[in-house]
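Have a look at the structure below before the remarks.
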Amino acid sequence: MQDALIRKLESFEELANEDRGALNALVPKVRKVGARADLIREGDAPDSVHLILDGYACRYKVLPDGQRQIMAYLIPGDFCDLNVFILDQMDHAIGTISACQVVDIPRQAIEAITAEHPRVTRALWWCALVDEAVLREWLVNLGARPANHRIAHLLCELLLRLEAVGRVTDNSYDFPFTQTDIADTMGLSNVHVHRTLRELRALGLIALKNRIVTILDLERLKAFCSFNPNYLHLRNTRWGARRSVPWLSSGHGG
């Protein structure tokens with residue numbers, strides 16, 4: 001299962017065998033968490049890092065009136081809270097969307113691997129920077145794109161992110177999100193989400209059955225919402241150019 005983590009990091013930075021071994025050692029024990037459960041709540045004091053090995057989770061906040069805003073989707077290979085253990089308390093919650101397999105990594109283990117493995121450190125920097133880039137793109141979604149483009153854009157993004165960790169088959173991937181989840185992500189009503197998904201199906205762009213979405217025509221879907229994958233920075237995949245970094249490819253740090 002930790003293959004998802006290594007594949008994700010290697011989409012940003014080429015790793016050596018010793019780097020992969022150290023990452024595998026981070027995953028001594030995996031726990032199963034059911035769907036719709038909180039991994040950590042707003043106000044909790046974080047003391048470890050959560051890594052999703054299988055399933056889907058999300059970052060979210062709930063307003064006093066009960067309205068929820070989802071701010072990120074977390075997929076296999078994603079650290080939920082890589083740097084939050086520095087903070088005194090969580091300013092948002094992290095909850096599962098589907099049943100998940102999760103690893104709780106002590107902060108000392110993260111500090112040790114970053115001190116001893118510079119390639120892993122650089123890959124983790126990439127992860128943090130890409131998280132910020134995705135959040136920026138989601139802000140553009142909410143503020144500037146019409147509803148049908150918002151949802152189409154999200155479907156393209158998930159395809160690329162999941163493909164990078166080996167979770168896509170023939171342009172199909174698990175899609176456990178309810179219409180309410182999508183509505184709480186996109187600032188839309190359930191009715192608007194339902195209408196938009198029906199539109200995308202009618203256009204022959206997607207199929208959605210048994211919680212699996214299939215992108216029927218990726219190029220048309222990308223053109224439909226003007227999707228540009230540059231913000232995902234997937235360098236070492238078919239979506240980005242592979243390139244080495246001189247100070248890390250010259251033997252430093254193994």
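By order of appearance in the structure tokens: chains A, B, ..., then residues from 1 within every chain, and ligands from 1 in the order shown.
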Original post:
Which residues in range 54-253 of chain A does DSSP call helix (DSSP H, G or I)? List them as a PyMOL selection string.
Top reply: chain A and resi 84-86+107-116+118-144+147-164+179-186+190-202+218-225+229-232+246-249
**OP:** Could you tell me, as number ranges by chain, which residues of range 37-233 of chain A DSSP assigns to strand (DSSP E) when given the backbone?
**Re:** A: 38-40, 48-54, 57-62, 68-74, 93-96, 100-106, 172-174, 206-209, 212-215
**OP:** May I have the residues within 12 Å of His194 in chain A as a PyMOL selection string, using only C-alpha atoms and disregarding those fewer than 2 positions away in the same chain?
**Re:** chain A and resi 147-148+151+178-183+188-192+196-201+208
The selected residues should be written to file as a PDB file, in the first residue's frame (atoms: N, CA, C and O atoms).
```
ATOM      1  N   ALA A 147     -20.520  26.668 -12.896  1.00  0.00           N
ATOM      2  CA  ALA A 147     -20.674  25.398 -12.184  1.00  0.00           C
ATOM      3  C   ALA A 147     -20.230  24.204 -13.016  1.00  0.00           C
ATOM      4  O   ALA A 147     -19.523  23.306 -12.510  1.00  0.00           O
ATOM      5  N   ASN A 148     -20.608  24.155 -14.273  1.00  0.00           N
ATOM      6  CA  ASN A 148     -20.245  22.985 -15.079  1.00  0.00           C
ATOM      7  C   ASN A 148     -18.737  22.894 -15.303  1.00  0.00           C
ATOM      8  O   ASN A 148     -18.168  21.800 -15.323  1.00  0.00           O
ATOM      9  N   ILE A 151     -16.973  21.541 -11.901  1.00  0.00           N
ATOM     10  CA  ILE A 151     -17.035  20.101 -11.681  1.00  0.00           C
ATOM     11  C   ILE A 151     -16.197  19.360 -12.715  1.00  0.00           C
ATOM     12  O   ILE A 151     -15.483  18.402 -12.390  1.00  0.00           O
ATOM     13  N   THR A 178     -20.577  11.983  -2.601  1.00  0.00           N
ATOM     14  CA  THR A 178     -22.000  12.217  -2.795  1.00  0.00           C
ATOM     15  C   THR A 178     -22.200  13.576  -3.461  1.00  0.00           C
ATOM     16  O   THR A 178     -21.278  14.392  -3.540  1.00  0.00           O
ATOM     17  N   GLN A 179     -23.414  13.819  -3.913  1.00  0.00           N
ATOM     18  CA  GLN A 179     -23.710  15.131  -4.466  1.00  0.00           C
ATOM     19  C   GLN A 179     -23.532  16.212  -3.405  1.00  0.00           C
ATOM     20  O   GLN A 179     -23.102  17.329  -3.711  1.00  0.00           O
ATOM     21  N   THR A 180     -23.804  15.872  -2.138  1.00  0.00           N
ATOM     22  CA  THR A 180     -23.595  16.836  -1.054  1.00  0.00           C
ATOM     23  C   THR A 180     -22.117  17.152  -0.884  1.00  0.00           C
ATOM     24  O   THR A 180     -21.744  18.312  -0.654  1.00  0.00           O
ATOM     25  N   ASP A 181     -21.248  16.147  -0.991  1.00  0.00           N
ATOM     26  CA  ASP A 181     -19.802  16.390  -0.913  1.00  0.00           C
ATOM     27  C   ASP A 181     -19.369  17.385  -1.991  1.00  0.00           C
ATOM     28  O   ASP A 181     -18.632  18.336  -1.718  1.00  0.00           O
ATOM     29  N   ILE A 182     -19.818  17.135  -3.217  1.00  0.00           N
ATOM     30  CA  ILE A 182     -19.426  18.014  -4.317  1.00  0.00           C
ATOM     31  C   ILE A 182     -20.001  19.409  -4.121  1.00  0.00           C
ATOM     32  O   ILE A 182     -19.330  20.419  -4.361  1.00  0.00           O
ATOM     33  N   ALA A 183     -21.247  19.475  -3.656  1.00  0.00           N
ATOM     34  CA  ALA A 183     -21.869  20.775  -3.392  1.00  0.00           C
ATOM     35  C   ALA A 183     -21.090  21.548  -2.339  1.00  0.00           C
ATOM     36  O   ALA A 183     -20.848  22.754  -2.482  1.00  0.00           O
ATOM     37  N   LEU A 188     -22.104  24.953  -4.341  1.00  0.00           N
ATOM     38  CA  LEU A 188     -23.311  24.789  -5.139  1.00  0.00           C
ATOM     39  C   LEU A 188     -24.382  24.075  -4.324  1.00  0.00           C
ATOM     40  O   LEU A 188     -24.104  23.524  -3.253  1.00  0.00           O
ATOM     41  N   SER A 189     -25.587  24.049  -4.839  1.00  0.00           N
ATOM     42  CA  SER A 189     -26.655  23.270  -4.224  1.00  0.00           C
ATOM     43  C   SER A 189     -26.605  21.845  -4.765  1.00  0.00           C
ATOM     44  O   SER A 189     -26.026  21.580  -5.830  1.00  0.00           O
ATOM     45  N   ASN A 190     -27.215  20.910  -4.036  1.00  0.00           N
ATOM     46  CA  ASN A 190     -27.290  19.533  -4.511  1.00  0.00           C
ATOM     47  C   ASN A 190     -27.976  19.452  -5.876  1.00  0.00           C
ATOM     48  O   ASN A 190     -27.573  18.675  -6.750  1.00  0.00           O
ATOM     49  N   VAL A 191     -29.021  20.256  -6.049  1.00  0.00           N
ATOM     50  CA  VAL A 191     -29.759  20.260  -7.317  1.00  0.00           C
ATOM     51  C   VAL A 191     -28.854  20.701  -8.461  1.00  0.00           C
ATOM     52  O   VAL A 191     -28.866  20.116  -9.546  1.00  0.00           O
ATOM     53  N   HIS A 192     -28.030  21.725  -8.213  1.00  0.00           N
ATOM     54  CA  HIS A 192     -27.125  22.227  -9.248  1.00  0.00           C
ATOM     55  C   HIS A 192     -26.074  21.176  -9.591  1.00  0.00           C
ATOM     56  O   HIS A 192     -25.726  20.994 -10.769  1.00  0.00           O
ATOM     57  N   THR A 196     -25.599  19.441 -13.243  1.00  0.00           N
ATOM     58  CA  THR A 196     -24.317  19.560 -13.940  1.00  0.00           C
ATOM     59  C   THR A 196     -23.756  18.188 -14.313  1.00  0.00           C
ATOM     60  O   THR A 196     -23.255  17.992 -15.434  1.00  0.00           O
ATOM     61  N   LEU A 197     -23.815  17.224 -13.400  1.00  0.00           N
ATOM     62  CA  LEU A 197     -23.353  15.876 -13.721  1.00  0.00           C
ATOM     63  C   LEU A 197     -24.174  15.279 -14.866  1.00  0.00           C
ATOM     64  O   LEU A 197     -23.632  14.609 -15.749  1.00  0.00           O
ATOM     65  N   ARG A 198     -25.468  15.537 -14.850  1.00  0.00           N
ATOM     66  CA  ARG A 198     -26.329  15.050 -15.932  1.00  0.00           C
ATOM     67  C   ARG A 198     -25.928  15.696 -17.259  1.00  0.00           C
ATOM     68  O   ARG A 198     -25.902  15.041 -18.310  1.00  0.00           O
ATOM     69  N   GLU A 199     -25.557  16.984 -17.209  1.00  0.00           N
ATOM     70  CA  GLU A 199     -25.115  17.673 -18.424  1.00  0.00           C
ATOM     71  C   GLU A 199     -23.836  17.059 -18.971  1.00  0.00           C
ATOM     72  O   GLU A 199     -23.711  16.825 -20.185  1.00  0.00           O
ATOM     73  N   LEU A 200     -22.871  16.792 -18.102  1.00  0.00           N
ATOM     74  CA  LEU A 200     -21.598  16.217 -18.548  1.00  0.00           C
ATOM     75  C   LEU A 200     -21.799  14.823 -19.133  1.00  0.00           C
ATOM     76  O   LEU A 200     -21.117  14.444 -20.096  1.00  0.00           O
ATOM     77  N   ARG A 201     -22.740  14.072 -18.563  1.00  0.00           N
ATOM     78  CA  ARG A 201     -23.052  12.754 -19.137  1.00  0.00           C
ATOM     79  C   ARG A 201     -23.712  12.907 -20.504  1.00  0.00           C
ATOM     80  O   ARG A 201     -23.388  12.182 -21.446  1.00  0.00           O
ATOM     81  N   LEU A 208     -20.906   7.770 -15.068  1.00  0.00           N
ATOM     82  CA  LEU A 208     -20.850   7.627 -13.616  1.00  0.00           C
ATOM     83  C   LEU A 208     -21.786   6.503 -13.207  1.00  0.00           C
ATOM     84  O   LEU A 208     -23.007   6.595 -13.376  1.00  0.00           O
TER      85      LEU A 208
END
```
Which residues of range 77-159 of chain A come within 10 Å of range 217-227 of chain A, and for each one, what is the closest pair of atoms and their distance in Å to one decimal, counting only C-alpha atoms, sorted by chain and residue number, as a tab-separated table?
```
residue	atom	partner	partner_atom	distance
A:Arg145	CA	A:Cys225	CA	8.4
A:Pro146	CA	A:Cys225	CA	9.1
A:Asn148	CA	A:Cys225	CA	7.9
A:His149	CA	A:Cys225	CA	4.6
A:Arg150	CA	A:Cys225	CA	7.4
A:Ile151	CA	A:Cys225	CA	8.7
A:Ala152	CA	A:Cys225	CA	6.1
A:His153	CA	A:Cys225	CA	5.9
A:Leu154	CA	A:Phe227	CA	9.3
A:Leu155	CA	A:Leu221	CA	8.8
A:Cys156	CA	A:Lys222	CA	6.8
A:Glu157	CA	A:Phe227	CA	8.4
A:Leu159	CA	A:Leu218	CA	9.4
```
Those selected residues, please, written with N, CA, C and O atoms and delivered as a short mmCIF file (atom, residue, chain, number, x, y, z; two decimals), in the first residue's frame.
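Listed below is the output, out03.cif:
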```cif
data_model
loop_
_atom_site.label_atom_id
_atom_site.label_comp_id
_atom_site.auth_asym_id
_atom_site.auth_seq_id
_atom_site.Cartn_x
_atom_site.Cartn_y
_atom_site.Cartn_z
N ARG A 145 -15.15 30.32 -12.22
CA ARG A 145 -15.65 29.37 -13.20
C ARG A 145 -17.14 29.08 -12.98
O ARG A 145 -17.58 28.98 -11.84
N PRO A 146 -17.88 28.90 -14.08
CA PRO A 146 -19.28 28.48 -13.93
C PRO A 146 -19.35 27.06 -13.38
O PRO A 146 -18.37 26.31 -13.41
N ASN A 148 -20.61 24.16 -14.27
CA ASN A 148 -20.24 22.98 -15.08
C ASN A 148 -18.74 22.89 -15.30
O ASN A 148 -18.17 21.80 -15.32
N HIS A 149 -18.08 24.04 -15.40
CA HIS A 149 -16.62 24.04 -15.55
C HIS A 149 -15.95 23.65 -14.23
O HIS A 149 -14.91 22.99 -14.23
N ARG A 150 -16.52 24.08 -13.11
CA ARG A 150 -15.94 23.72 -11.80
C ARG A 150 -15.87 22.21 -11.64
O ARG A 150 -14.84 21.65 -11.25
N ILE A 151 -16.97 21.54 -11.90
CA ILE A 151 -17.03 20.10 -11.68
C ILE A 151 -16.20 19.36 -12.71
O ILE A 151 -15.48 18.40 -12.39
N ALA A 152 -16.23 19.80 -13.96
CA ALA A 152 -15.39 19.18 -14.98
C ALA A 152 -13.91 19.32 -14.62
O ALA A 152 -13.11 18.39 -14.79
N HIS A 153 -13.54 20.48 -14.12
CA HIS A 153 -12.15 20.72 -13.72
C HIS A 153 -11.74 19.79 -12.60
O HIS A 153 -10.64 19.21 -12.60
N LEU A 154 -12.61 19.61 -11.61
CA LEU A 154 -12.32 18.70 -10.51
C LEU A 154 -12.14 17.27 -11.01
O LEU A 154 -11.22 16.56 -10.57
N LEU A 155 -12.96 16.84 -11.94
CA LEU A 155 -12.85 15.48 -12.47
C LEU A 155 -11.53 15.27 -13.20
O LEU A 155 -10.91 14.22 -13.09
N CYS A 156 -11.09 16.29 -13.95
CA CYS A 156 -9.78 16.21 -14.61
C CYS A 156 -8.66 16.14 -13.57
O CYS A 156 -7.73 15.33 -13.70
N GLU A 157 -8.75 16.99 -12.57
CA GLU A 157 -7.70 17.02 -11.54
C GLU A 157 -7.57 15.67 -10.84
O GLU A 157 -6.47 15.15 -10.66
N LEU A 159 -8.42 12.75 -11.90
CA LEU A 159 -7.87 11.75 -12.82
C LEU A 159 -6.35 11.81 -12.82
O LEU A 159 -5.67 10.78 -12.68
#
```
Original post:
Suppose you want the space between CA of Ala133 in chain A and CA of Leu232 in chain A; what is it in Å?
Top reply: 7.1 Å
Which residues are close to Asn171 in chain A, i.e. within 7 Å by only C-alpha atoms, leaving aside same-chain residues fewer than 2 positions away? Reply as a PDB file with N, CA and C atoms, in the first residue's frame.
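Written output follows (out.pdb):
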```
ATOM      1  N   VAL A 168      -5.866   4.618 -11.479  1.00  0.00           N
ATOM      2  CA  VAL A 168      -6.745   4.848 -12.625  1.00  0.00           C
ATOM      3  C   VAL A 168      -6.594   3.691 -13.599  1.00  0.00           C
ATOM      4  N   THR A 169      -7.719   3.187 -14.100  1.00  0.00           N
ATOM      5  CA  THR A 169      -7.715   2.135 -15.111  1.00  0.00           C
ATOM      6  C   THR A 169      -8.604   2.568 -16.268  1.00  0.00           C
ATOM      7  N   TYR A 173     -11.937   5.797 -12.358  1.00  0.00           N
ATOM      8  CA  TYR A 173     -11.443   5.772 -10.982  1.00  0.00           C
ATOM      9  C   TYR A 173     -12.608   5.811 -10.005  1.00  0.00           C
ATOM     10  N   THR A 214     -15.937   7.451 -15.189  1.00  0.00           N
ATOM     11  CA  THR A 214     -15.102   7.201 -16.360  1.00  0.00           C
ATOM     12  C   THR A 214     -15.088   8.455 -17.219  1.00  0.00           C
ATOM     13  N   ILE A 215     -13.893   8.918 -17.527  1.00  0.00           N
ATOM     14  CA  ILE A 215     -13.744  10.053 -18.444  1.00  0.00           C
ATOM     15  C   ILE A 215     -13.776   9.485 -19.855  1.00  0.00           C
TER      16      ILE A 215
END
```
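Using only C-alpha atoms, the protein and nucleic acid residues lying no more than 6 Å from range 99-112 of chain A, apart from those fewer than 5 places from it along its own chain, are Val30, Arg31, Lys32, Val33, Gly34, Ala35, Ser48, Val49, His50, Leu51, Ile52, Leu53, Asp54 and Gly55 of chain A.
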Subject >> Who sits within 12 Å of Arg136 in chain A, only C-alpha atoms, same chain under 6 positions skipped, as a list in words >> reply: Met71, Ala72, Leu129, Val130, Leu142, Gly143, Ala144, Tyr231 and Leu232 of chain A
**OP:** Using only C-alpha atoms, pick whichever of A:Leu124, A:Ile97, A:Leu158, A:Val27 has the shortest atom-to-atom distance to Arg59 in chain A.
**Re:**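 Nearest to Arg59 in chain A: A:Ile97.
Comparing A:Asn228, A:Asn24, A:Asn17, A:Asn141 by their smallest distance to Met186 in chain A, the closest is A:Asn141 (using only C-alpha atoms).
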Original post:
What's the 8 Å shell around range 61-63 of chain A, counting only C-alpha atoms, without same-chain residues fewer than 5 positions away, as a list in words?
Top reply: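 My list of contacting residues is Glu42, Arg68, Gln69, Ile70, Met71, His92 and Ala93 of chain A.
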Original post:
In Å, with one decimal, what is the gap from CA of Arg235 in chain A to CA of Thr185 in chain A?
Top reply: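 Between CA of Arg235 in chain A and CA of Thr185 in chain A the gap is 26.8 Å.
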**OP:** Using only C-alpha atoms, find the one residue out of A:Asp184, A:Leu216, A:Leu162, A:Ile113 that sits nearest to Ala25 in chain A.
**Re:**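 Smallest separation from Ala25 in chain A among the options: A:Ile113.
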